[in-house]
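Data file: final_7.cif. Format and content: mmCIF, C-alpha atoms.
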```cif
data_coords
loop_
_atom_site.label_atom_id
_atom_site.label_comp_id
_atom_site.auth_asym_id
_atom_site.auth_seq_id
_atom_site.Cartn_x
_atom_site.Cartn_y
_atom_site.Cartn_z
CA MET A 1 109.03 62.63 116.13
CA LEU A 2 108.20 62.48 119.85
CA THR A 3 111.74 63.57 120.64
CA ILE A 4 111.28 66.67 118.46
CA ILE A 5 107.95 67.42 120.13
CA PHE A 6 109.56 66.96 123.54
CA TYR A 7 112.29 69.54 122.91
CA ALA A 8 109.84 71.87 121.22
CA PHE A 9 107.63 71.55 124.32
CA ILE A 10 110.53 72.67 126.52
CA VAL A 11 110.96 75.77 124.35
CA VAL A 12 107.22 76.50 124.47
CA VAL A 13 107.13 76.26 128.27
CA ALA A 14 110.16 78.55 128.52
CA ILE A 15 108.45 81.15 126.32
CA GLN A 16 105.25 80.91 128.34
CA LEU A 17 107.17 81.44 131.59
CA PHE A 18 108.91 84.42 130.01
CA TYR A 19 105.52 86.02 129.35
CA TYR A 20 103.86 85.18 132.64
CA ILE A 21 106.80 85.87 134.96
CA LEU A 22 109.05 88.44 133.29
CA VAL A 23 106.51 90.38 131.18
CA PHE A 24 103.21 90.06 133.05
CA GLY A 25 105.09 90.06 136.34
CA LYS A 26 105.89 93.74 135.73
CA PHE A 27 102.25 94.44 136.48
CA SER A 28 101.28 91.44 138.61
CA PHE A 29 104.07 91.80 141.16
CA GLY A 30 104.42 95.57 140.98
CA LYS A 31 103.64 97.90 143.86
CA PRO A 32 100.11 99.22 144.44
CA GLN A 33 99.50 102.44 142.57
CA LYS A 34 99.61 105.79 144.31
CA SER A 35 97.44 108.65 143.12
CA THR A 36 98.47 112.27 143.07
CA PRO A 37 95.22 114.23 142.64
CA LYS A 38 95.38 117.08 140.17
CA SER A 39 92.94 119.79 139.17
CA ILE A 40 93.70 119.97 135.48
CA PRO A 41 90.65 120.76 133.31
CA ILE A 42 89.26 117.57 131.75
CA SER A 43 86.91 116.96 128.83
CA VAL A 44 85.01 113.66 129.18
CA ILE A 45 84.00 112.41 125.74
CA VAL A 46 81.18 109.94 125.12
CA CYS A 47 80.12 108.87 121.63
CA ALA A 48 76.71 107.22 121.27
CA LYS A 49 74.71 105.71 118.45
CA ASN A 50 71.25 104.38 119.31
CA GLU A 51 72.03 104.05 123.03
CA GLU A 52 68.93 105.64 124.56
CA GLU A 53 68.58 103.18 127.44
CA ASN A 54 72.23 103.31 128.42
CA VAL A 55 72.67 107.08 128.27
CA LYS A 56 69.60 107.57 130.47
CA LYS A 57 71.30 105.56 133.21
CA PHE A 58 74.95 106.45 132.82
CA ILE A 59 75.31 110.10 131.84
CA PRO A 60 73.97 111.28 135.24
CA LEU A 61 76.79 109.24 136.84
CA LEU A 62 79.31 111.18 134.78
CA ALA A 63 77.64 114.44 135.78
CA ALA A 64 77.98 113.46 139.46
CA GLN A 65 81.76 113.10 139.42
CA ASP A 66 83.70 114.64 142.29
CA TYR A 67 86.05 116.78 140.22
CA PRO A 68 86.46 120.56 140.22
CA ASP A 69 86.81 121.37 136.52
CA TYR A 70 85.42 119.17 133.77
CA GLU A 71 83.02 119.20 130.87
CA ILE A 72 81.12 116.34 129.26
CA ILE A 73 81.09 116.17 125.47
CA LEU A 74 78.13 114.08 124.31
CA ILE A 75 78.40 113.01 120.69
CA ASP A 76 75.26 111.78 118.96
CA ASP A 77 76.40 109.79 115.94
CA ALA A 78 73.27 110.16 113.79
CA SER A 79 71.11 108.03 116.09
CA SER A 80 67.73 106.86 114.86
CA ASP A 81 66.28 106.37 118.35
CA ALA A 82 65.76 108.90 121.16
CA THR A 83 69.47 109.28 122.02
CA LEU A 84 69.68 112.82 120.61
CA ASP A 85 66.54 113.93 122.47
CA ILE A 86 67.94 112.61 125.73
CA PHE A 87 71.27 114.34 125.12
CA GLU A 88 69.47 117.62 124.49
CA GLU A 89 67.70 117.28 127.84
CA PHE A 90 71.00 116.62 129.58
CA GLU A 91 72.49 119.70 127.94
CA LYS A 92 69.69 121.77 129.46
CA GLN A 93 69.97 120.04 132.85
CA TYR A 94 73.75 120.17 133.37
CA SER A 95 75.76 123.32 132.80
CA ASN A 96 78.95 121.41 131.95
CA VAL A 97 77.38 119.24 129.24
CA ARG A 98 78.00 120.12 125.60
CA LEU A 99 76.36 118.38 122.66
CA VAL A 100 77.90 117.48 119.32
CA LYS A 101 75.45 116.39 116.63
CA VAL A 102 76.82 114.26 113.83
CA GLU A 103 74.87 114.07 110.59
CA ASN A 104 75.15 111.13 108.24
CA ASN A 105 78.09 111.74 105.93
CA GLU A 106 78.41 109.68 102.76
CA ALA A 107 82.20 109.58 102.97
CA PHE A 108 82.23 108.59 106.67
CA TRP A 109 78.87 106.84 107.05
CA GLY A 110 78.71 104.81 110.23
CA ASN A 111 82.30 105.62 111.14
CA LYS A 112 82.75 106.21 114.86
CA LYS A 113 86.18 107.74 114.27
CA PHE A 114 84.64 110.60 112.30
CA ALA A 115 82.18 111.28 115.12
CA LEU A 116 84.93 111.15 117.75
CA THR A 117 87.07 113.53 115.72
CA LEU A 118 84.28 116.13 115.78
CA GLY A 119 83.92 115.65 119.54
CA ILE A 120 87.65 116.00 120.17
CA LYS A 121 87.79 119.19 118.14
CA ALA A 122 84.81 120.56 120.07
CA ALA A 123 86.42 119.88 123.47
CA LYS A 124 87.65 123.08 125.10
CA ASN A 125 90.16 121.32 127.38
CA GLU A 126 93.53 119.85 126.46
CA TYR A 127 93.13 116.70 128.54
CA LEU A 128 90.58 114.21 127.22
CA LEU A 129 89.00 111.25 129.02
CA PHE A 130 87.03 108.68 127.01
CA THR A 131 84.43 106.08 127.83
CA ASP A 132 81.68 104.36 125.87
CA ALA A 133 77.97 105.07 126.05
CA ASP A 134 77.31 101.63 127.56
CA CYS A 135 79.88 102.13 130.34
CA TYR A 136 79.72 103.74 133.76
CA PRO A 137 82.43 104.75 136.27
CA ALA A 138 83.15 102.58 139.29
CA SER A 139 82.99 105.61 141.58
CA ASN A 140 82.51 109.37 141.62
CA GLU A 141 86.30 109.64 141.71
CA TRP A 142 86.84 108.15 138.25
CA ILE A 143 87.98 111.41 136.67
CA LYS A 144 90.17 112.17 139.68
CA GLU A 145 91.90 108.79 139.50
CA MET A 146 92.47 108.76 135.75
CA SER A 147 93.65 112.37 135.60
CA SER A 148 95.98 111.85 138.56
CA GLN A 149 98.32 109.79 136.37
CA PHE A 150 98.99 112.63 133.92
CA THR A 151 102.41 114.30 134.24
CA MET A 152 104.39 116.67 132.07
CA SER A 153 105.75 113.68 130.13
CA LYS A 154 102.95 111.12 130.57
CA THR A 155 100.23 112.33 128.23
CA ILE A 156 98.47 109.01 127.57
CA VAL A 157 96.78 107.06 130.38
CA LEU A 158 95.54 103.49 129.86
CA GLY A 159 92.71 102.50 132.21
CA TYR A 160 90.82 99.31 132.98
CA GLY A 161 87.38 98.71 131.52
CA ALA A 162 85.80 95.91 133.55
CA TYR A 163 82.60 93.95 132.96
CA GLU A 164 79.81 93.45 135.46
CA LYS A 165 79.67 90.18 137.35
CA ILE A 166 76.75 87.85 136.68
CA ALA A 167 76.18 85.19 139.30
CA LYS A 168 76.25 81.53 138.22
CA SER A 169 77.29 82.40 134.66
CA PHE A 170 80.33 80.57 133.34
CA LEU A 171 80.25 82.68 130.16
CA ASN A 172 80.54 85.77 132.35
CA LYS A 173 83.65 84.35 133.99
CA ILE A 174 85.17 83.67 130.57
CA ILE A 175 84.43 87.23 129.41
CA ARG A 176 85.84 88.80 132.55
CA PHE A 177 88.92 86.57 132.51
CA GLU A 178 89.62 87.45 128.88
CA SER A 179 89.17 91.16 129.61
CA MET A 180 91.47 90.88 132.64
CA LEU A 181 94.12 89.00 130.66
CA THR A 182 94.00 91.61 127.89
CA ALA A 183 94.48 94.36 130.48
CA VAL A 184 97.38 92.50 132.08
CA GLN A 185 99.01 92.30 128.66
CA TYR A 186 98.71 95.97 127.73
CA PHE A 187 99.46 97.17 131.28
CA SER A 188 102.57 94.98 131.47
CA TRP A 189 103.95 95.99 128.10
CA ALA A 190 103.32 99.64 128.99
CA LYS A 191 105.34 99.16 132.19
CA MET A 192 108.07 97.60 130.03
CA LYS A 193 108.13 100.85 128.02
CA HIS A 194 106.42 99.27 125.01
CA PRO A 195 102.72 100.27 125.12
CA TYR A 196 100.70 98.88 122.25
CA MET A 197 96.96 99.27 122.96
CA GLY A 198 94.24 100.57 125.26
CA VAL A 199 90.46 100.24 125.48
CA GLY A 200 88.01 103.01 124.66
CA ARG A 201 85.93 102.08 127.68
CA ASN A 202 88.55 103.81 129.84
CA LEU A 203 91.22 105.84 128.13
CA ALA A 204 92.72 109.32 128.50
CA TYR A 205 95.16 111.40 126.51
CA LYS A 206 96.18 114.95 125.83
CA LYS A 207 94.68 116.52 122.74
CA GLU A 208 98.12 117.23 121.29
CA GLU A 209 98.73 113.46 121.02
CA PHE A 210 95.69 113.23 118.76
CA PHE A 211 96.90 115.95 116.43
CA ASN A 212 100.54 114.75 116.49
CA VAL A 213 99.46 111.69 114.49
CA ASN A 214 96.77 113.51 112.49
CA GLY A 215 94.04 111.83 114.48
CA PHE A 216 92.60 108.67 112.96
CA ILE A 217 93.52 109.59 109.38
CA ASP A 218 95.94 106.69 108.85
CA HIS A 219 93.29 104.11 109.76
CA MET A 220 90.05 106.00 109.12
CA LYS A 221 88.89 103.37 106.63
CA ILE A 222 89.18 100.66 109.30
CA ARG A 223 85.86 100.81 111.15
CA SER A 224 87.24 99.70 114.50
CA GLY A 225 90.37 100.81 116.33
CA ASP A 226 89.51 104.28 117.60
CA ASP A 227 91.15 103.12 120.82
CA ASP A 228 93.73 100.39 120.21
CA LEU A 229 94.91 101.43 116.74
CA PHE A 230 95.24 105.02 117.89
CA ILE A 231 97.27 103.99 120.95
CA ASN A 232 99.35 101.63 118.83
CA GLN A 233 100.30 104.59 116.67
CA ALA A 234 100.51 107.44 119.19
CA SER A 235 102.01 105.81 122.29
CA ASN A 236 105.71 105.37 122.98
CA ARG A 237 108.03 104.49 125.85
CA LYS A 238 108.03 108.05 127.19
CA ASN A 239 104.46 109.33 126.90
CA THR A 240 102.32 106.45 128.23
CA THR A 241 101.36 105.30 131.70
CA ILE A 242 98.60 103.21 133.30
CA SER A 243 95.86 103.65 135.90
CA PHE A 244 94.61 100.66 137.87
CA THR A 245 93.17 101.95 141.14
CA PRO A 246 89.69 100.40 141.59
CA GLU A 247 88.03 103.81 141.92
CA GLY A 248 89.25 104.58 138.41
CA PHE A 249 87.70 101.52 136.73
CA THR A 250 84.72 101.64 134.42
CA PHE A 251 82.09 98.91 134.09
CA SER A 252 79.91 97.78 131.24
CA GLU A 253 77.32 95.08 130.75
CA PRO A 254 78.84 91.90 129.29
CA LYS A 255 77.34 89.94 126.45
CA LYS A 256 74.71 87.41 127.51
CA THR A 257 75.21 84.80 124.78
CA PHE A 258 78.29 83.11 123.42
CA LYS A 259 77.49 84.22 119.86
CA GLU A 260 77.27 87.89 120.85
CA TRP A 261 80.60 87.69 122.65
CA PHE A 262 82.18 85.69 119.80
CA ASP A 263 81.15 88.36 117.29
CA GLN A 264 82.54 91.08 119.57
CA LYS A 265 85.89 89.30 119.84
CA ARG A 266 86.01 88.83 116.08
CA ARG A 267 85.99 92.62 115.70
CA HIS A 268 88.74 93.04 118.29
CA VAL A 269 90.97 90.38 116.72
CA SER A 270 90.53 91.77 113.21
CA THR A 271 91.79 95.17 114.39
CA ALA A 272 94.94 93.66 115.91
CA THR A 273 96.12 92.65 112.42
CA PHE A 274 96.88 96.34 111.81
CA TYR A 275 99.20 96.74 114.83
CA LYS A 276 102.91 97.42 114.43
CA SER A 277 104.92 94.35 113.44
CA PHE A 278 106.51 93.75 116.86
CA ASP A 279 103.12 93.97 118.59
CA ARG A 280 101.55 91.53 116.14
CA MET A 281 104.49 89.19 116.65
CA GLN A 282 104.45 89.20 120.46
CA LEU A 283 100.68 88.63 120.54
CA ALA A 284 100.96 85.83 117.98
CA VAL A 285 103.81 84.15 119.88
CA PHE A 286 101.83 84.31 123.13
CA PHE A 287 98.71 82.75 121.60
CA LEU A 288 100.68 80.17 119.59
CA THR A 289 102.64 78.98 122.62
CA GLN A 290 99.41 78.74 124.65
CA PHE A 291 97.92 76.49 121.98
CA LEU A 292 101.10 74.44 121.48
CA PHE A 293 101.48 73.94 125.23
CA ILE A 294 98.09 72.21 125.42
CA LEU A 295 98.55 70.27 122.19
CA MET A 296 102.07 69.02 122.90
CA ALA A 297 101.32 68.17 126.52
CA VAL A 298 98.37 66.01 125.43
CA ILE A 299 100.44 64.22 122.76
CA LEU A 300 103.43 63.57 125.01
CA LEU A 301 101.34 62.39 127.93
CA ALA A 302 99.16 60.23 125.69
CA PHE A 303 102.29 58.36 124.58
CA GLN A 304 103.77 58.54 128.09
CA TYR A 305 106.94 60.00 126.60
CA ASN A 306 109.26 61.20 129.37
CA TRP A 307 106.18 61.65 131.51
CA MET A 308 108.25 62.04 134.67
CA ILE A 309 109.64 65.23 133.13
CA ILE A 310 106.48 66.38 131.32
CA VAL A 311 104.18 66.19 134.36
CA PRO A 312 106.34 68.45 136.57
CA MET A 313 106.73 70.89 133.67
CA VAL A 314 102.96 71.05 133.14
CA VAL A 315 102.29 71.42 136.87
CA GLY A 316 105.06 73.99 137.26
CA ARG A 317 103.82 76.03 134.32
CA TYR A 318 100.30 76.14 135.79
CA ILE A 319 101.58 77.09 139.24
CA PHE A 320 103.66 79.99 137.92
CA THR A 321 100.93 81.27 135.61
CA TRP A 322 98.25 80.87 138.28
CA VAL A 323 100.30 82.89 140.76
CA SER A 324 101.17 85.61 138.23
CA LEU A 325 97.60 86.06 137.02
CA GLY A 326 96.28 85.65 140.55
CA TYR A 327 98.18 88.72 141.75
CA ALA A 328 96.97 90.65 138.70
CA ALA A 329 93.38 89.51 139.21
CA ASN A 330 93.54 90.72 142.80
CA LYS A 331 94.63 94.18 141.66
CA LEU A 332 91.82 94.29 139.09
CA ARG A 333 89.19 92.88 141.49
CA GLU A 334 88.66 89.74 139.39
CA LYS A 335 89.86 87.11 141.89
CA ASP A 336 86.86 84.82 141.45
CA VAL A 337 87.67 84.03 137.79
CA MET A 338 90.99 82.50 138.81
CA TYR A 339 89.28 79.55 140.50
CA TRP A 340 88.34 78.39 137.00
CA TYR A 341 91.61 79.38 135.36
CA PRO A 342 92.77 76.10 133.70
CA ILE A 343 89.33 75.42 132.21
CA ILE A 344 88.78 79.01 131.07
CA GLU A 345 92.23 79.09 129.48
CA ILE A 346 91.47 76.01 127.36
CA VAL A 347 88.08 77.42 126.31
CA LEU A 348 89.72 80.73 125.35
CA ILE A 349 92.51 79.09 123.36
CA PHE A 350 90.11 77.16 121.15
CA THR A 351 87.71 80.10 120.91
CA GLN A 352 90.54 82.32 119.66
CA LEU A 353 91.55 79.63 117.17
CA ASN A 354 87.95 79.51 115.95
CA ILE A 355 87.88 83.32 115.66
CA PHE A 356 91.10 83.34 113.64
CA ILE A 357 89.77 80.74 111.20
CA THR A 358 86.36 82.43 110.93
CA ASN A 359 87.92 85.83 110.20
CA LEU A 360 89.89 84.31 107.34
CA PHE A 361 86.67 83.61 105.48
CA SER A 362 84.39 86.52 106.46
CA LYS A 363 84.69 90.05 107.81
CA PRO A 364 83.15 90.93 111.19
CA VAL A 365 80.48 93.62 111.48
CA HIS A 366 81.65 96.84 113.17
CA TRP A 367 80.14 100.14 114.46
CA LYS A 368 76.35 100.31 114.24
#
```
Turn the structure described in the file into structure tokens.
Amino acid sequence: MLTIIFYAFIVVVAIQLFYYILVFGKFSFGKPQKSTPKSIPISVIVCAKNEEENVKKFIPLLAAQDYPDYEIILIDDASSDATLDIFEEFEKQYSNVRLVKVENNEAFWGNKKFALTLGIKAAKNEYLLFTDADCYPASNEWIKEMSSQFTMSKTIVLGYGAYEKIAKSFLNKIIRFESMLTAVQYFSWAKMKHPYMGVGRNLAYKKEEFFNVNGFIDHMKIRSGDDDLFINQASNRKNTTISFTPEGFTFSEPKKTFKEWFDQKRRHVSTATFYKSFDRMQLAVFFLTQFLFILMAVILLAFQYNWMIIVPMVVGRYIFTWVSLGYAANKLREKDVMYWYPIIEIVLIFTQLNIFITNLFSKPVHWK
């Protein structure tokens, strides 16, 4: 049995190195990104439901962007707090703000995709830039940086949605590492001409891409996925690119408790089950080999089976992955999380396993 585990371990390490060096290396070791500023008209779309505190702080930052031609589409998704009142004040205050009011609809009650569809249809510009109501741009050049990646053929731009740093919080490091790793995955696969997801915290696409796939109609009944399921369906090897200049990041406040973050990740994982078959497979293989690497290494070392081979393989795997993710973390301004990499990786592996098991027995709660 140990012999079988030993050879299986070799295969697992080889697969892990394939991901970290050949796949993730496309992003990690790639050249710094160059921006070519454009002046194409942009519609920034923000959908909010009961976000009065956040929109007070963040909408003025969107209105202060250094960009010559853009509008802001504020979508109030039947809020029960003061969000709509605040939006109405912004509409009076800023000439480029337009308001879309969404009434409760029995067929689409609580469905963010329905609200976003109304906002997209209301946008007067062909190029759309999305962020969430609890997010804010890293700089006043956010629109400039994201829009600079559009070309005649590249009509979908995947951006990075970062989380704020909280000093002396290990949970914060876990959250930011997981967010960084997710970005490395979808950036790398996009550079390999196989884009599969993006995040609604920072995402741009041309309106025609929305209508080419009939919007969210194929997954309207799935509460989540207005970002990743849409990209999984609409993106292809020719029409998708990425944006990772720091001025083009967005930030949002991370969860403060493990339970809140766990519930958030349950929603994200449940959506991934609706990806295309290849995308589900590559994600499953990556997670499975992460788990098996830890499990098999512990078993083989516990029995001291070929330990003179196992130890160098374990050390070598960590060196290669640390270097690969380290370069990526530097690009995404998340270098500090890499100091804790081996520990965070183990915590994430068993958290993801827990999420998978939990989702088998109950459905996560989605949009408010």
Quiz prompt | 8 Å contact set for range 86-95 of chain A, all atoms listed in the file, chain neighbours under 6 positions out, as a list in words | solution =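 Answer for this query is Glu52, Val55, Lys56, Ala63, Leu74 and Asp76 of chain A.
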Exercise. Please indicate the distance in Å from CA of Gln264 in chain A to CA of Gln352 in chain A, rounded to one decimal place.
Key: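 About the pair CA of Gln264 in chain A and CA of Gln352 in chain A: they are 11.9 Å apart.
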Practice problem: Carefully work through the PyMOL selection byres ((chain A and resi 346) around 12) for this structure and note down the residues it includes, as number ranges by chain. | Solution: A: 174, 178, 287, 290-295, 340-345, 347-353
Quiz item: Written as a list in words, what is the full residue list that the PyMOL selection byres ((chain A and resi 249-255) around 7) yields on the file shown?
Solution: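 Evaluating the PyMOL selection byres ((chain A and resi 249-255) around 7) on these coordinates yields Asp134, Cys135, Tyr136, Pro137, Ala138, Trp142, Gly159, Tyr160, Gly161, Ala162, Tyr163, Glu164, Arg201, Asn202, Pro246, Glu247, Gly248, Lys256, Thr257, Glu260 and Trp261 of chain A.
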Quiz prompt | Counting only C-alpha atoms, the option among A:Tyr67, A:Trp189, A:Phe230, A:Tyr196 closest to Ser277 in chain A | solution =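 Ranked by minimum distance to Ser277 in chain A, first place goes to A:Tyr196.
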Quiz prompt | Using all atoms listed in the file: which of A:Phe258, A:Met180, A:Val213, A:Ala297 has the shortest distance to Ile310 in chain A | solution =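 For Ile310 in chain A, the nearest of the given residues is A:Ala297.
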Quiz item: Of the residues A:Val46, A:Ala82, A:Ala302, A:Asn140, which is the one nearest to Val100 in chain A, using all atoms listed in the file?
Solution: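 Ranked by minimum distance to Val100 in chain A, first place goes to A:Val46.
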